[in-house]
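Participant: So that we are looking at the same thing, I have put the structure below in structure tokens.
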Amino acid sequence: MKSPTTIIHTPTNGLKNSLDFYQKLNYKILSESSPTILTDGKFLLEINPDRFARAGVKIFKSDWAKELSKLAKLTKITPTKNGHLLGTPTGTRIYLIDGNLEIDFKPSEKPFGMTGNFAGLSLETTDINKSMEIWQILGYEKTMGAPEQGWMAFSNGSDIGVSLMTPNACPHLFFNPSLTFFNGKENNPIIIDQMRKVGIPIAEEVTVFNKEGKVDNVIIRDPGGYGFFIFND
């Protein structure tokens, strides 16, 4: 099986804290250490206890020479022991890893994670055109939106798509980076109730999209600071 090329990378204030958080959300541990990898059934997530780890994504490829020559014109590139690190106008770290991620994983038909239907990585950027160019160099193609609309979506064929938003597009807390889940108007309140019951802290109860002022969307955050938009559409 060919390993996924893109995974979520999250730091932690303590590995046990992060494992407890994700296990409460019904995520499954695929690898307990070196690296610690979990899944909701649809995408892969690494919890990295290294004290220099930062929230972002890891993208795996055997040779980055072609991309690096282009990226160097847009952003600072820092060598790492197994690849390269670059920043973006969102403040999100992108780790370019030389080689493949070797792990036995096959996406399930439906997610078993409590978070629901995964809709990709969401990033708020101060320079949407520059951000777009960086992701396109990395092999992501635009699927929806446009800079003048203040929102764009991209895909590289993996299970982790990317959405870019301009400032003042989202009237709620926005942690860069964040994962987005869309669960529908009927299912999302049920998921929110389940999260409360298992003790997942709510960073914000979002009512701005509901005419009656009901809490139909919530934002949560893992122990490493990664945001989660648990939204209804």
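How things are named: the first chain in the structure tokens is A, the next is B, and so on; residues count from 1 in each chain; ligands count from 1 in the order shown.
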Need the shell around Gln23 of chain A: protein/DNA/RNA residues with any atom at most 12 Å away, counting only C-alpha atoms. Skip same-chain ones fewer than 3 positions apart. Format as a ChimeraX atom specification?
Facilitator: /A:16-20,26-30,38-40,112-115,195,198-200,222
Participant: List every residue of segment 14-44 of chain A that DSSP, applied to the backbone, labels as helix (DSSP H, G or I), and write the result as a ChimeraX atom specification.
Facilitator: /A:15-24
Participant: Emit the selected residues as a CSV table (one decimal), in the first residue's frame, including all heavy atoms.
Facilitator:
chain,number,residue,atom,x,y,z
A,15,LEU,N,2.6,14.0,26.2
A,15,LEU,CA,2.0,13.0,25.3
A,15,LEU,C,0.8,12.3,25.9
A,15,LEU,O,-0.2,12.1,25.1
A,15,LEU,CB,3.1,11.9,25.0
A,15,LEU,CG,2.7,10.9,23.9
A,15,LEU,CD1,2.3,11.5,22.6
A,15,LEU,CD2,3.9,9.9,23.8
A,16,LYS,N,0.7,12.1,27.2
A,16,LYS,CA,-0.4,11.5,27.8
A,16,LYS,C,-1.7,12.4,27.6
A,16,LYS,O,-2.8,11.9,27.4
A,16,LYS,CB,-0.2,11.2,29.2
A,16,LYS,CG,-1.3,10.5,29.9
A,16,LYS,CD,-1.1,10.2,31.4
A,16,LYS,CE,-2.2,9.4,32.0
A,16,LYS,NZ,-3.5,10.1,31.9
A,17,ASN,N,-1.5,13.7,27.8
A,17,ASN,CA,-2.6,14.6,27.7
A,17,ASN,C,-3.2,14.6,26.3
A,17,ASN,O,-4.4,14.5,26.1
A,17,ASN,CB,-2.1,16.0,28.0
A,17,ASN,CG,-1.7,16.2,29.4
A,17,ASN,OD1,-2.1,15.5,30.3
A,17,ASN,ND2,-0.8,17.2,29.6
A,18,SER,N,-2.3,14.5,25.3
A,18,SER,CA,-2.8,14.5,23.9
A,18,SER,C,-3.5,13.2,23.6
A,18,SER,O,-4.5,13.1,22.9
A,18,SER,CB,-1.7,14.8,22.9
A,18,SER,OG,-1.3,16.1,23.0
A,19,LEU,N,-2.9,12.1,24.0
A,19,LEU,CA,-3.5,10.8,23.8
A,19,LEU,C,-4.9,10.7,24.4
A,19,LEU,O,-5.8,10.1,23.8
A,19,LEU,CB,-2.6,9.7,24.3
A,19,LEU,CG,-1.3,9.4,23.4
A,19,LEU,CD1,-0.4,8.4,24.1
A,19,LEU,CD2,-1.7,9.0,22.0
A,20,ASP,N,-5.0,11.2,25.7
A,20,ASP,CA,-6.3,11.2,26.3
A,20,ASP,C,-7.3,12.0,25.6
A,20,ASP,O,-8.5,11.6,25.4
A,20,ASP,CB,-6.1,11.8,27.8
A,20,ASP,CG,-5.4,10.8,28.7
A,20,ASP,OD1,-5.3,9.6,28.4
A,20,ASP,OD2,-5.0,11.3,29.8
A,21,PHE,N,-6.9,13.1,25.1
A,21,PHE,CA,-7.8,14.0,24.3
A,21,PHE,C,-8.3,13.3,23.1
A,21,PHE,O,-9.5,13.2,22.8
A,21,PHE,CB,-7.0,15.3,23.9
A,21,PHE,CG,-7.8,16.2,23.0
A,21,PHE,CD1,-8.6,17.2,23.5
A,21,PHE,CD2,-7.6,16.1,21.6
A,21,PHE,CE1,-9.3,18.0,22.6
A,21,PHE,CE2,-8.3,17.0,20.7
A,21,PHE,CZ,-9.1,17.9,21.2
A,22,TYR,N,-7.4,12.7,22.3
A,22,TYR,CA,-7.8,12.1,21.0
A,22,TYR,C,-8.6,10.7,21.3
A,22,TYR,O,-9.5,10.4,20.5
A,22,TYR,CB,-6.6,11.9,20.1
A,22,TYR,CG,-6.2,13.2,19.5
A,22,TYR,CD1,-5.1,13.9,19.9
A,22,TYR,CD2,-6.9,13.7,18.4
A,22,TYR,CE1,-4.7,15.1,19.3
A,22,TYR,CE2,-6.6,14.9,17.8
A,22,TYR,CZ,-5.5,15.6,18.3
A,22,TYR,OH,-5.1,16.8,17.7
A,23,GLN,N,-8.2,10.0,22.3
A,23,GLN,CA,-8.9,8.8,22.6
A,23,GLN,C,-10.4,9.1,23.1
A,23,GLN,O,-11.3,8.3,22.8
A,23,GLN,CB,-8.2,8.0,23.6
A,23,GLN,CG,-6.9,7.3,23.0
A,23,GLN,CD,-6.1,6.5,24.0
A,23,GLN,OE1,-5.6,7.0,25.0
A,23,GLN,NE2,-6.0,5.2,23.7
A,24,LYS,N,-10.6,10.2,23.8
A,24,LYS,CA,-11.9,10.6,24.1
A,24,LYS,C,-12.7,10.9,22.9
A,24,LYS,O,-14.0,10.7,22.9
A,24,LYS,CB,-11.9,11.9,25.0
A,24,LYS,CG,-11.5,11.6,26.4
A,24,LYS,CD,-11.5,12.9,27.2
A,24,LYS,CE,-11.1,12.7,28.7
A,24,LYS,NZ,-11.1,14.0,29.5
Participant: Please identify all polymer residues within 7 Å of Tyr226 of chain A, counting only C-alpha atoms, omitting same-chain residues fewer than 3 positions from it, and present them as a list in words.
Facilitator: Thr10, Ala55, Phe175, Pro177, Ser178, Arg221 and Asp222 of chain A
Participant: Store the residues picked out above, limited to C-alpha atoms, as a PDB file, in the first residue's frame.
Facilitator:
ATOM      1  CA  THR A  10       0.618  18.569  16.221  1.00  0.00           C
ATOM      2  CA  ALA A  55       1.564  22.797  14.613  1.00  0.00           C
ATOM      3  CA  PHE A 175      -6.492  29.143  15.548  1.00  0.00           C
ATOM      4  CA  PRO A 177      -3.863  25.922  11.844  1.00  0.00           C
ATOM      5  CA  SER A 178      -7.297  24.358  12.361  1.00  0.00           C
ATOM      6  CA  ARG A 221      -8.410  22.812  20.666  1.00  0.00           C
ATOM      7  CA  ASP A 222      -6.032  19.944  21.342  1.00  0.00           C
TER       8      ASP A 222
END
Participant: I'd like the neighbourhood of segment 59-71 of chain A as a PyMOL selection string, where a residue qualifies if any of its atoms comes within 7 Å (using only C-alpha atoms), though same-chain residues fewer than 5 positions away should be ignored.
Facilitator: chain A and resi 5-7+95-101+134+137-138
Participant: Please, which residues of segment 173-231 of chain A, numbered as in this document, come out strand (DSSP E) from DSSP, as JSON, numbers by chain?
Facilitator: {"A": [178, 179, 180, 181, 182, 204, 205, 206, 217, 218, 219, 220, 221, 227, 228, 229, 230, 231]}
Participant: Mind writing the picked residues with all heavy atoms as a short mmCIF file (atom, residue, chain, number, x, y, z; two decimals), in the first residue's frame?
Facilitator:
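Result saved to result-v9.cif:
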data_model
loop_
_atom_site.label_atom_id
_atom_site.label_comp_id
_atom_site.auth_asym_id
_atom_site.auth_seq_id
_atom_site.Cartn_x
_atom_site.Cartn_y
_atom_site.Cartn_z
N SER A 178 -6.13 25.03 11.82
CA SER A 178 -7.30 24.36 12.36
C SER A 178 -7.78 23.28 11.40
O SER A 178 -7.61 23.40 10.18
CB SER A 178 -8.44 25.34 12.62
OG SER A 178 -8.20 26.14 13.76
N LEU A 179 -8.40 22.25 11.96
CA LEU A 179 -9.05 21.21 11.18
C LEU A 179 -10.54 21.49 11.15
O LEU A 179 -11.12 21.90 12.16
CB LEU A 179 -8.79 19.83 11.79
CG LEU A 179 -7.32 19.45 11.97
CD1 LEU A 179 -7.21 18.08 12.66
CD2 LEU A 179 -6.60 19.44 10.63
N THR A 180 -11.16 21.28 10.00
CA THR A 180 -12.58 21.58 9.85
C THR A 180 -13.37 20.30 9.63
O THR A 180 -12.96 19.42 8.87
CB THR A 180 -12.81 22.54 8.67
OG1 THR A 180 -12.14 23.77 8.93
CG2 THR A 180 -14.30 22.83 8.50
N PHE A 181 -14.52 20.23 10.31
CA PHE A 181 -15.42 19.09 10.18
C PHE A 181 -16.83 19.63 9.94
O PHE A 181 -17.31 20.49 10.69
CB PHE A 181 -15.40 18.24 11.45
CG PHE A 181 -14.04 17.68 11.77
CD1 PHE A 181 -13.10 18.46 12.44
CD2 PHE A 181 -13.69 16.39 11.40
CE1 PHE A 181 -11.84 17.97 12.73
CE2 PHE A 181 -12.42 15.88 11.68
CZ PHE A 181 -11.50 16.67 12.35
N PHE A 182 -17.50 19.14 8.91
CA PHE A 182 -18.86 19.55 8.59
C PHE A 182 -19.80 18.35 8.79
O PHE A 182 -19.68 17.33 8.11
CB PHE A 182 -18.95 20.04 7.14
CG PHE A 182 -18.25 21.35 6.90
CD1 PHE A 182 -17.45 21.53 5.79
CD2 PHE A 182 -18.39 22.41 7.78
CE1 PHE A 182 -16.81 22.73 5.55
CE2 PHE A 182 -17.75 23.62 7.57
CZ PHE A 182 -16.96 23.78 6.45
N GLU A 204 -14.88 27.81 22.08
CA GLU A 204 -15.91 28.80 21.78
C GLU A 204 -17.20 28.11 21.35
O GLU A 204 -17.18 27.19 20.52
CB GLU A 204 -15.48 29.76 20.68
CG GLU A 204 -16.54 30.83 20.39
CD GLU A 204 -16.15 31.86 19.35
OE1 GLU A 204 -15.02 31.77 18.82
OE2 GLU A 204 -16.95 32.76 19.05
N GLU A 205 -18.30 28.57 21.93
CA GLU A 205 -19.63 28.17 21.47
C GLU A 205 -20.06 29.19 20.41
O GLU A 205 -20.24 30.36 20.72
CB GLU A 205 -20.62 28.15 22.63
CG GLU A 205 -20.27 27.15 23.70
CD GLU A 205 -21.26 27.17 24.85
OE1 GLU A 205 -21.94 28.21 25.03
OE2 GLU A 205 -21.36 26.16 25.57
N VAL A 206 -20.20 28.74 19.19
CA VAL A 206 -20.46 29.65 18.07
C VAL A 206 -21.97 29.73 17.82
O VAL A 206 -22.63 28.74 17.53
CB VAL A 206 -19.74 29.18 16.79
CG1 VAL A 206 -20.01 30.15 15.65
CG2 VAL A 206 -18.24 29.05 17.04
N ASN A 217 -22.55 25.30 16.47
CA ASN A 217 -21.17 25.04 16.06
C ASN A 217 -20.27 25.29 17.27
O ASN A 217 -20.57 26.15 18.10
CB ASN A 217 -20.74 25.99 14.93
CG ASN A 217 -21.57 25.84 13.68
OD1 ASN A 217 -21.42 24.88 12.94
ND2 ASN A 217 -22.45 26.80 13.44
N VAL A 218 -19.17 24.54 17.35
CA VAL A 218 -18.22 24.79 18.43
C VAL A 218 -16.80 24.71 17.89
O VAL A 218 -16.55 24.11 16.84
CB VAL A 218 -18.36 23.80 19.61
CG1 VAL A 218 -19.72 23.94 20.28
CG2 VAL A 218 -18.10 22.37 19.17
N ILE A 219 -15.89 25.33 18.63
CA ILE A 219 -14.47 25.25 18.33
C ILE A 219 -13.78 24.64 19.54
O ILE A 219 -14.02 25.06 20.67
CB ILE A 219 -13.89 26.64 18.03
CG1 ILE A 219 -14.59 27.25 16.81
CG2 ILE A 219 -12.38 26.56 17.80
CD1 ILE A 219 -14.28 28.72 16.61
N ILE A 220 -12.97 23.62 19.28
CA ILE A 220 -12.18 23.01 20.34
C ILE A 220 -10.71 23.10 19.97
O ILE A 220 -10.37 23.52 18.87
CB ILE A 220 -12.60 21.54 20.60
CG1 ILE A 220 -12.33 20.67 19.35
CG2 ILE A 220 -14.06 21.46 21.01
CD1 ILE A 220 -12.60 19.18 19.58
N ARG A 221 -9.85 22.70 20.91
CA ARG A 221 -8.41 22.81 20.67
C ARG A 221 -7.69 21.68 21.39
O ARG A 221 -7.99 21.40 22.55
CB ARG A 221 -7.90 24.17 21.17
CG ARG A 221 -6.66 24.68 20.46
CD ARG A 221 -6.30 26.06 20.92
NE ARG A 221 -5.26 26.63 20.06
CZ ARG A 221 -4.63 27.76 20.31
NH1 ARG A 221 -4.93 28.46 21.40
NH2 ARG A 221 -3.71 28.23 19.49
N GLY A 227 -6.42 23.79 16.36
CA GLY A 227 -7.84 24.09 16.44
C GLY A 227 -8.70 23.08 15.69
O GLY A 227 -8.24 22.43 14.75
N PHE A 228 -9.95 22.96 16.12
CA PHE A 228 -10.92 22.09 15.46
C PHE A 228 -12.23 22.87 15.29
O PHE A 228 -12.81 23.31 16.29
CB PHE A 228 -11.23 20.84 16.30
CG PHE A 228 -10.14 19.82 16.36
CD1 PHE A 228 -8.92 20.10 16.97
CD2 PHE A 228 -10.34 18.55 15.83
CE1 PHE A 228 -7.92 19.16 17.04
CE2 PHE A 228 -9.35 17.59 15.90
CZ PHE A 228 -8.12 17.89 16.50
N PHE A 229 -12.67 23.05 14.07
CA PHE A 229 -13.98 23.63 13.81
C PHE A 229 -14.99 22.49 13.66
O PHE A 229 -14.95 21.75 12.69
CB PHE A 229 -13.98 24.47 12.54
CG PHE A 229 -13.04 25.65 12.58
CD1 PHE A 229 -12.19 25.92 11.52
CD2 PHE A 229 -13.01 26.49 13.67
CE1 PHE A 229 -11.32 26.99 11.55
CE2 PHE A 229 -12.15 27.59 13.72
CZ PHE A 229 -11.30 27.84 12.65
N ILE A 230 -15.86 22.35 14.64
CA ILE A 230 -16.91 21.33 14.59
C ILE A 230 -18.18 22.05 14.16
O ILE A 230 -18.95 22.55 14.99
CB ILE A 230 -17.08 20.63 15.95
CG1 ILE A 230 -15.73 20.21 16.52
CG2 ILE A 230 -18.01 19.44 15.82
CD1 ILE A 230 -14.95 19.23 15.66
N PHE A 231 -18.40 22.11 12.86
CA PHE A 231 -19.44 22.95 12.29
C PHE A 231 -20.52 22.10 11.61
O PHE A 231 -20.31 20.93 11.28
CB PHE A 231 -18.85 23.91 11.27
CG PHE A 231 -18.14 25.11 11.90
CD1 PHE A 231 -17.94 25.18 13.26
CD2 PHE A 231 -17.71 26.15 11.11
CE1 PHE A 231 -17.30 26.27 13.85
CE2 PHE A 231 -17.08 27.26 11.68
CZ PHE A 231 -16.87 27.32 13.04
#
Participant: Using only C-alpha atoms, find the one residue out of A:His9, A:Leu86, A:Arg93, A:Lys106 that sits nearest to Lys73 of chain A.
Facilitator: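 Smallest separation from Lys73 of chain A among the options: A:Leu86.
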Participant: What separation in Å, quoted to one decimal, exists between atom CA of Gly224 of chain A and atom CA of Pro11 of chain A?
Facilitator: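 It comes out at 4.7 Å.
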Participant: Interatomic distance between atom CA of Gln136 of chain A and atom CA of Asp50 of chain A?
Facilitator: 29.0 Å
Participant: When distances are computed from only C-alpha atoms, which of A:Met144, A:Leu74, A:Val215, A:Ile160 shows the smallest separation from Asn129 of chain A?
Facilitator: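 That would be A:Leu74, the residue with the smallest distance to Asn129 of chain A.
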Participant: Between A:Thr80, A:Asn232, A:Thr90, A:Thr166, which is the closest to Ile192 of chain A once you count only C-alpha atoms?
Facilitator: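 Looking only at the distances to Ile192 of chain A, the closest residue turns out to be A:Asn232.
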Participant: Rank A:Ser34, A:Asn117, A:Glu141, A:Thr75 by their smallest atom-to-atom distance to Ile191 of chain A, using only C-alpha atoms, and report the top residue only.
Facilitator: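 Of all the options, A:Asn117 lies closest to Ile191 of chain A.
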Participant: Atom CA of Ala72 of chain A and atom CA of Tyr140 of chain A are how many Å apart?
Facilitator: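 Value for the atom CA of Ala72 of chain A-atom CA of Tyr140 of chain A distance: 17.5 Å.
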Participant: Of the candidates A:Lys76, A:Ser163, A:Phe105, A:Asn168, which one gets nearest to Thr126 of chain A if we count only C-alpha atoms?
Facilitator: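 Answer, going by the shortest atom-to-atom distance: A:Asn168.
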